[in-house]
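A.B. asks: One file is attached below, coords-v5.cif, containing mmCIF, C-alpha atoms and all ligand atoms.
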data_query
#
loop_
_atom_site.label_atom_id
_atom_site.label_comp_id
_atom_site.auth_asym_id
_atom_site.auth_seq_id
_atom_site.Cartn_x
_atom_site.Cartn_y
_atom_site.Cartn_z
CA MET Y 1 148.94 181.62 -67.02
CA VAL Y 2 151.12 182.04 -70.09
CA ALA Y 3 152.06 185.55 -69.01
CA ALA Y 4 152.91 184.39 -65.48
CA ASP Y 5 155.05 181.57 -66.93
CA THR Y 6 156.97 184.03 -69.08
CA ARG Y 7 157.62 186.33 -66.15
CA THR Y 8 158.76 183.45 -63.96
CA ARG Y 9 161.00 182.11 -66.71
CA LEU Y 10 162.61 185.54 -67.11
CA VAL Y 11 163.24 185.87 -63.36
CA LEU Y 12 164.66 182.36 -62.98
CA THR Y 13 166.83 182.68 -66.09
CA ALA Y 14 168.20 186.05 -64.96
CA MET Y 15 168.96 184.66 -61.50
CA ARG Y 16 170.79 181.68 -62.99
CA LEU Y 17 172.87 183.89 -65.29
CA PHE Y 18 173.65 186.41 -62.53
CA TRP Y 19 174.84 183.47 -60.43
CA GLU Y 20 176.87 181.88 -63.23
CA LYS Y 21 178.34 184.96 -64.95
CA GLY Y 22 177.85 187.73 -62.42
CA TYR Y 23 175.39 190.62 -62.60
CA GLY Y 24 177.72 192.98 -64.43
CA SER Y 25 178.56 190.44 -67.14
CA THR Y 26 174.96 189.48 -67.86
CA SER Y 27 173.29 191.60 -70.52
CA VAL Y 28 169.59 191.94 -71.18
CA ALA Y 29 170.23 190.17 -74.50
CA ASP Y 30 171.77 187.21 -72.63
CA VAL Y 31 168.65 186.87 -70.50
CA LEU Y 32 166.34 187.11 -73.49
CA GLN Y 33 168.28 184.51 -75.46
CA ALA Y 34 168.55 182.05 -72.60
CA ALA Y 35 164.88 182.43 -71.65
CA LYS Y 36 163.74 182.34 -75.29
CA VAL Y 37 161.68 185.49 -74.74
CA ASN Y 38 161.47 188.54 -77.01
CA SER Y 39 162.34 192.01 -75.79
CA GLY Y 40 158.73 193.20 -75.99
CA SER Y 41 157.73 190.61 -73.40
CA LEU Y 42 160.66 191.55 -71.16
CA TYR Y 43 159.79 195.24 -71.08
CA HIS Y 44 156.15 194.35 -70.55
CA PHE Y 45 157.11 192.87 -67.19
CA PHE Y 46 160.28 194.75 -66.23
CA PRO Y 47 161.43 198.28 -67.03
CA GLY Y 48 165.05 197.10 -67.28
CA LYS Y 49 167.93 195.29 -65.57
CA GLN Y 50 167.90 197.78 -62.70
CA ASP Y 51 165.25 195.83 -60.79
CA LEU Y 52 166.60 193.23 -58.38
CA LEU Y 53 164.46 190.36 -57.13
CA LEU Y 54 165.74 187.96 -54.48
CA VAL Y 55 163.97 184.79 -53.41
CA ALA Y 56 164.38 182.61 -50.33
CA GLU Y 57 164.03 178.84 -50.61
CA VAL Y 58 163.73 176.16 -47.95
CA ASN Y 59 164.17 172.61 -49.25
CA GLY Y 60 163.46 173.79 -52.78
CA GLU Y 61 160.25 175.55 -51.79
CA LEU Y 62 159.86 179.28 -52.39
CA VAL Y 63 159.17 180.89 -49.01
CA GLY Y 64 160.07 184.55 -49.49
CA GLN Y 65 160.88 187.27 -51.95
CA ALA Y 66 162.29 190.76 -51.75
CA GLY Y 67 162.95 193.32 -54.42
CA LEU Y 68 164.64 196.63 -55.08
CA HIS Y 69 163.29 198.77 -57.90
CA PRO Y 70 164.23 202.22 -59.22
CA ALA Y 71 162.15 204.79 -57.33
CA GLY Y 72 161.76 206.92 -60.43
CA VAL Y 73 163.00 207.37 -63.97
CA ALA Y 74 164.43 210.88 -63.54
CA ILE Y 75 168.23 211.09 -63.52
CA ARG Y 76 168.18 213.10 -60.32
CA ARG Y 77 166.37 210.21 -58.60
CA ARG Y 78 168.82 207.52 -59.69
CA HIS Y 79 170.20 207.23 -56.18
CA ALA Y 80 166.83 206.10 -54.77
CA MET Y 81 165.40 202.59 -54.84
CA TYR Y 82 162.05 201.27 -53.67
CA LEU Y 83 161.95 198.13 -51.51
CA GLY Y 84 159.30 195.42 -51.17
CA ILE Y 85 159.42 192.17 -49.17
CA SER Y 86 157.19 189.28 -48.16
CA VAL Y 87 157.70 185.92 -46.45
CA ALA Y 88 155.17 183.07 -46.56
CA SER Y 89 153.06 182.94 -43.40
CA THR Y 90 154.29 179.39 -42.70
CA ALA Y 91 157.92 180.50 -42.79
CA GLN Y 92 157.77 183.74 -40.81
CA ARG Y 93 159.72 184.46 -37.63
CA GLN Y 94 162.62 182.23 -38.63
CA GLY Y 95 164.98 184.96 -39.75
CA ILE Y 96 164.14 184.79 -43.46
CA GLY Y 97 162.99 188.41 -43.63
CA THR Y 98 166.19 189.45 -41.87
CA ALA Y 99 168.30 187.41 -44.30
CA LEU Y 100 166.58 188.95 -47.32
CA MET Y 101 166.94 192.48 -45.91
CA THR Y 102 170.63 191.86 -45.16
CA ALA Y 103 171.24 190.78 -48.77
CA LEU Y 104 169.27 193.70 -50.23
CA CYS Y 105 170.99 196.32 -48.07
CA ASP Y 106 174.42 194.85 -48.86
CA TYR Y 107 173.63 194.97 -52.56
CA ALA Y 108 172.27 198.52 -52.36
CA ASP Y 109 175.16 199.80 -50.24
CA ASN Y 110 178.05 198.18 -52.08
CA TRP Y 111 177.01 197.61 -55.68
CA LEU Y 112 174.20 199.92 -56.70
CA ALA Y 113 175.33 203.49 -56.02
CA CYS Y 114 172.15 203.70 -54.01
CA LEU Y 115 172.00 206.44 -51.37
CA ARG Y 116 168.36 206.11 -50.36
CA ILE Y 117 166.01 203.12 -50.01
CA GLU Y 118 162.31 203.93 -49.73
CA LEU Y 119 159.25 201.92 -48.82
CA THR Y 120 155.68 202.24 -47.64
CA VAL Y 121 154.17 200.16 -44.86
CA TYR Y 122 150.71 200.18 -43.33
CA THR Y 123 150.75 201.99 -39.99
CA ASP Y 124 149.33 198.91 -38.24
CA ASN Y 125 151.97 196.53 -39.66
CA GLU Y 126 154.21 196.70 -36.60
CA ILE Y 127 156.07 193.49 -37.43
CA ALA Y 128 157.32 194.78 -40.76
CA GLN Y 129 158.17 198.16 -39.20
CA ARG Y 130 160.27 196.38 -36.60
CA LEU Y 131 162.18 194.57 -39.34
CA TYR Y 132 162.75 197.83 -41.23
CA ARG Y 133 163.88 199.69 -38.09
CA ASN Y 134 166.41 196.91 -37.47
CA PHE Y 135 168.01 197.95 -40.78
CA GLY Y 136 168.04 201.69 -40.11
CA PHE Y 137 164.78 202.70 -41.78
CA GLU Y 138 163.01 205.67 -40.23
CA VAL Y 139 159.46 206.97 -40.59
CA GLU Y 140 159.46 210.14 -42.70
CA GLY Y 141 155.75 210.78 -42.81
CA THR Y 142 152.22 209.42 -42.75
CA LEU Y 143 150.33 208.87 -45.98
CA ARG Y 144 146.71 209.36 -45.01
CA ALA Y 145 144.03 207.13 -46.56
CA TYR Y 146 146.85 205.57 -48.57
CA ALA Y 147 144.99 202.43 -49.68
CA LEU Y 148 141.56 200.87 -49.66
CA ARG Y 149 141.84 197.66 -47.60
CA ASP Y 150 138.76 195.49 -47.22
CA GLY Y 151 136.40 198.45 -47.51
CA VAL Y 152 138.38 200.80 -45.26
CA TYR Y 153 140.89 203.50 -46.23
CA VAL Y 154 144.03 202.88 -44.20
CA ASP Y 155 147.12 204.99 -43.53
CA ALA Y 156 150.68 204.04 -44.39
CA TYR Y 157 154.06 205.28 -43.26
CA SER Y 158 156.63 206.43 -45.72
CA MET Y 159 159.94 205.01 -44.44
CA ALA Y 160 163.44 205.44 -45.79
CA ARG Y 161 167.02 204.51 -45.01
CA LEU Y 162 170.02 206.54 -46.12
CA HIS Y 163 173.30 204.75 -46.83
CA PRO Y 164 175.02 204.54 -43.42
CA ASN Y 165 178.47 205.13 -44.91
CA PRO Y 166 178.23 206.45 -48.49
CA PRO Y 167 181.23 205.62 -50.66
CA THR Y 168 183.56 208.49 -51.48
CA VAL Y 169 186.17 208.98 -54.16
CA THR Y 170 189.71 208.50 -52.92
CA ARG Y 171 191.98 211.05 -54.61
CA SER Y 172 195.57 210.05 -55.07
CA ASP Y 173 196.68 213.73 -55.02
CA ALA Y 174 194.88 214.58 -51.75
C1 LIG Y 201 157.47 191.46 -42.36
C2 LIG Y 201 158.00 190.09 -42.75
C3 LIG Y 201 158.66 190.18 -44.13
C4 LIG Y 201 159.04 189.63 -41.72
O1 LIG Y 201 159.58 188.40 -42.19
P1 LIG Y 201 160.14 187.30 -41.17
O2 LIG Y 201 160.84 186.26 -41.95
O3 LIG Y 201 159.06 186.85 -40.26
O4 LIG Y 201 161.19 188.18 -40.35
P2 LIG Y 201 162.27 187.70 -39.29
O5 LIG Y 201 161.99 186.30 -38.84
O6 LIG Y 201 163.61 187.96 -39.85
O7 LIG Y 201 161.97 188.68 -38.08
C5 LIG Y 201 162.16 190.08 -38.25
C6 LIG Y 201 161.74 190.81 -37.00
O8 LIG Y 201 160.32 190.79 -36.89
C7 LIG Y 201 159.93 190.17 -35.64
N1 LIG Y 201 158.76 189.36 -35.90
C8 LIG Y 201 158.56 188.54 -36.96
N2 LIG Y 201 157.36 187.96 -36.84
C9 LIG Y 201 156.80 188.43 -35.69
C10 LIG Y 201 155.56 188.22 -35.02
N3 LIG Y 201 154.64 187.39 -35.50
N4 LIG Y 201 155.35 188.90 -33.88
C11 LIG Y 201 156.25 189.73 -33.37
N5 LIG Y 201 157.45 189.99 -33.95
C12 LIG Y 201 157.71 189.34 -35.09
C13 LIG Y 201 161.12 189.34 -35.25
O9 LIG Y 201 161.14 189.14 -33.85
C14 LIG Y 201 162.28 190.17 -35.73
O10 LIG Y 201 162.57 191.24 -34.88
P3 LIG Y 201 163.85 191.18 -33.90
O11 LIG Y 201 165.02 190.71 -34.74
O12 LIG Y 201 164.00 192.60 -33.44
O13 LIG Y 201 163.50 190.20 -32.84
C15 LIG Y 201 156.88 189.04 -42.75
O14 LIG Y 201 156.21 189.08 -41.51
C16 LIG Y 201 155.86 189.21 -43.87
O15 LIG Y 201 156.09 188.81 -45.02
N6 LIG Y 201 154.69 189.78 -43.56
C17 LIG Y 201 153.60 189.88 -44.54
C18 LIG Y 201 153.97 190.79 -45.72
C19 LIG Y 201 154.40 192.13 -45.26
O16 LIG Y 201 153.90 192.67 -44.28
N7 LIG Y 201 155.38 192.68 -45.99
C20 LIG Y 201 155.83 194.03 -45.74
C21 LIG Y 201 154.91 194.98 -46.47
S1 LIG Y 201 155.46 196.65 -46.25
#
Mind converting the file's structure to structure tokens?
C.D. replies:
Amino acid sequence: MVAADTRTRLVLTAMRLFWEKGYGSTSVADVLQAAKVNSGSLYHFFPGKQDLLLVAEVNGELVGQAGLHPAGVAIRRRHAMYLGISVASTAQRQGIGTALMTALCDYADNWLACLRIELTVYTDNEIAQRLYRNFGFEVEGTLRAYALRDGVYVDAYSMARLHPNPPTVTRSDA
């Protein structure tokens, strides 16, 4: 429970500082100091400030979360992020998943220099696939026997979305 408390404190502190000071003006040191956590604990839970976690609240109750995480550490994969999302069963089908996806895609498209968002989804999870398709994700392949689920190996789709309108450099001499 102590570990979970530390992780939660880090997330909530980072969110508060991002809100108050802005993402770009909040350093890892600021988060550590405000959360009263040492750097070893931070890097135990998070590889760095590149991970983004959004939460959805209804009347102060946490009902959904969505995250973007670097897809790999290699420099040549810096343009790719991995996406995960879940909404509490009691709060589904009310547009919360759509709201979280809208915020994540806006952040990825306009602030992250992210060209490609990747995810995996079980092939029988048609509801999530529908949500992803609404945001331009396409199936790129099938991962066979991807995970063991309740005693059965199940397949997953690899889906991805490329930036619909990648930013370009405007040259003054062009
Ligand atoms: C997938 C998930 C995040 C969607 O969240 P949500 O808040 O219900 O999503 P929304 O209310 O914004 O609806 C998104 C789309 O899914 C559809 N949908 C949502 N629940 C549905 C249901 N029970 N049956 C049919 N369609 C459904 C909506 O109609 C909507 O599609 P549309 O805009 O084309 O009509 C949510 O169902 C969930 O957390 N599922 C369990 C965890 C999970 O599967 N995560 C993804 C792992 S890859």
A.B. asks: Using only C-alpha atoms, which protein or nucleic acid residues come within 9 Å of Glu140 in chain Y? Drop anything in the same chain fewer than 2 positions from it, and give the result as a PyMOL selection string.
C.D. replies: chain Y and resi 138+142+157-160
A.B. asks: Around the point (171.3, 192.0, -48.9) in the file's coordinates, collect all residues with an atom within 12 Å, using all atoms listed in the file, and return them as JSON, numbers by chain.
C.D. replies: {"Y": [52, 53, 54, 55, 56, 65, 66, 67, 68, 83, 85, 96, 97, 98, 99, 100, 101, 102, 103, 104, 105, 106, 107, 108, 109, 110, 111, 112, 135]}
A.B. asks: How would the residues just chosen look if you wrote them out with C-alpha atoms as a compact mmCIF listing (two decimals), in the coordinates of the input?
C.D. replies:
# COMPACT_ATOMS: atom_id res chain seq x y z
CA LEU Y 52 166.60 193.23 -58.38
CA LEU Y 53 164.46 190.36 -57.13
CA LEU Y 54 165.74 187.96 -54.48
CA VAL Y 55 163.97 184.79 -53.41
CA ALA Y 56 164.38 182.61 -50.33
CA GLN Y 65 160.88 187.27 -51.95
CA ALA Y 66 162.29 190.76 -51.75
CA GLY Y 67 162.95 193.32 -54.42
CA LEU Y 68 164.64 196.63 -55.08
CA LEU Y 83 161.95 198.13 -51.51
CA ILE Y 85 159.42 192.17 -49.17
CA ILE Y 96 164.14 184.79 -43.46
CA GLY Y 97 162.99 188.41 -43.63
CA THR Y 98 166.19 189.45 -41.87
CA ALA Y 99 168.30 187.41 -44.30
CA LEU Y 100 166.58 188.95 -47.32
CA MET Y 101 166.94 192.48 -45.91
CA THR Y 102 170.63 191.86 -45.16
CA ALA Y 103 171.24 190.78 -48.77
CA LEU Y 104 169.27 193.70 -50.23
CA CYS Y 105 170.99 196.32 -48.07
CA ASP Y 106 174.42 194.85 -48.86
CA TYR Y 107 173.63 194.97 -52.56
CA ALA Y 108 172.27 198.52 -52.36
CA ASP Y 109 175.16 199.80 -50.24
CA ASN Y 110 178.05 198.18 -52.08
CA TRP Y 111 177.01 197.61 -55.68
CA LEU Y 112 174.20 199.92 -56.70
CA PHE Y 135 168.01 197.95 -40.78
A.B. asks: Report the distance between atom O9 of ligand LIG 201 (chain Y) and CA of Pro70 in chain Y in Å, rounded to one decimal place.
C.D. replies: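 That distance, rounded to one decimal, is 28.7 Å.
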A.B. asks: What does the distance between atom C6 of ligand LIG 201 (chain Y) and CA of Val11 in chain Y come to in Å, to one decimal place?
C.D. replies: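 Straight-line distance from atom C6 of ligand LIG 201 (chain Y) to CA of Val11 in chain Y works out to 26.9 Å.
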A.B. asks: So which one's closest to ligand LIG 201 (chain Y), Y:Leu162, Y:Ala113, Y:Ala88, Y:Leu148? Using all atoms listed in the file, please.
C.D. replies: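 Closest to ligand LIG 201 (chain Y) of all the choices is Y:Ala88.
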A.B. asks: If the limit is 8 Å from any atom of ligand LIG 201 (chain Y), counting all atoms listed in the file, which residues qualify? Return them as a VMD selection string.
C.D. replies: chain Y and resid 64 84 to 89 91 to 99 119 to 122 125 to 131 134
A.B. asks: Residues within 9 Å of Ser41 in chain Y, please, as a PyMOL selection string. Count only C-alpha atoms; anything in the same chain fewer than 4 positions from it doesn't count.
C.D. replies: chain Y and resi 3+6-7+37+45-46
A.B. asks: Quick check, in Å to one decimal: how far apart do CA of Tyr82 in chain Y and CA of Ser39 in chain Y lie?
C.D. replies: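 So the answer is 24.0 Å.
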A.B. asks: Would you mind telling me which residue in Y:Val28, Y:Val169, Y:Val154, Y:Leu62 lies nearest to Gln50 in chain Y when using all atoms listed in the file?
C.D. replies: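 Ranked by minimum distance to Gln50 in chain Y, first place goes to Y:Val28.
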A.B. asks: From the set Y:Leu42, Y:Val63, Y:Ile75, Y:Met81, which residue has the shortest atom-to-atom contact distance to Ile117 in chain Y, counting all atoms listed in the file?
C.D. replies: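 Between Y:Leu42, Y:Val63, Y:Ile75, Y:Met81, the residue approaching Ile117 in chain Y most closely is Y:Met81.
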A.B. asks: Name the closest residue to Arg144 in chain Y among the candidates Y:Cys114, Y:Ala156, Y:Thr8, Y:Arg78; distances are taken between atoms, counting all atoms listed in the file.
C.D. replies: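 Once distances to Arg144 in chain Y are computed over all atoms listed in the file, the minimum belongs to Y:Ala156.
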A.B. asks: Can you pull out the residues contacting Thr13 in chain Y? Cut-off 12 Å, using only C-alpha atoms, and skip same-chain residues under 6 positions away; I want them as a ChimeraX atom specification.
C.D. replies: /Y:5-7,19-21,26-37,42
A.B. asks: Mind giving me the axis-aligned box for range 83-92 of chain Y with 8 Å on every side, centre plus edges in Å to one decimal, as lines of an AutoDock Vina configuration file?
C.D. replies:
center_x = 157.5
center_y = 188.8
center_z = -46.2
size_x = 24.9
size_y = 34.7
size_z = 26.7
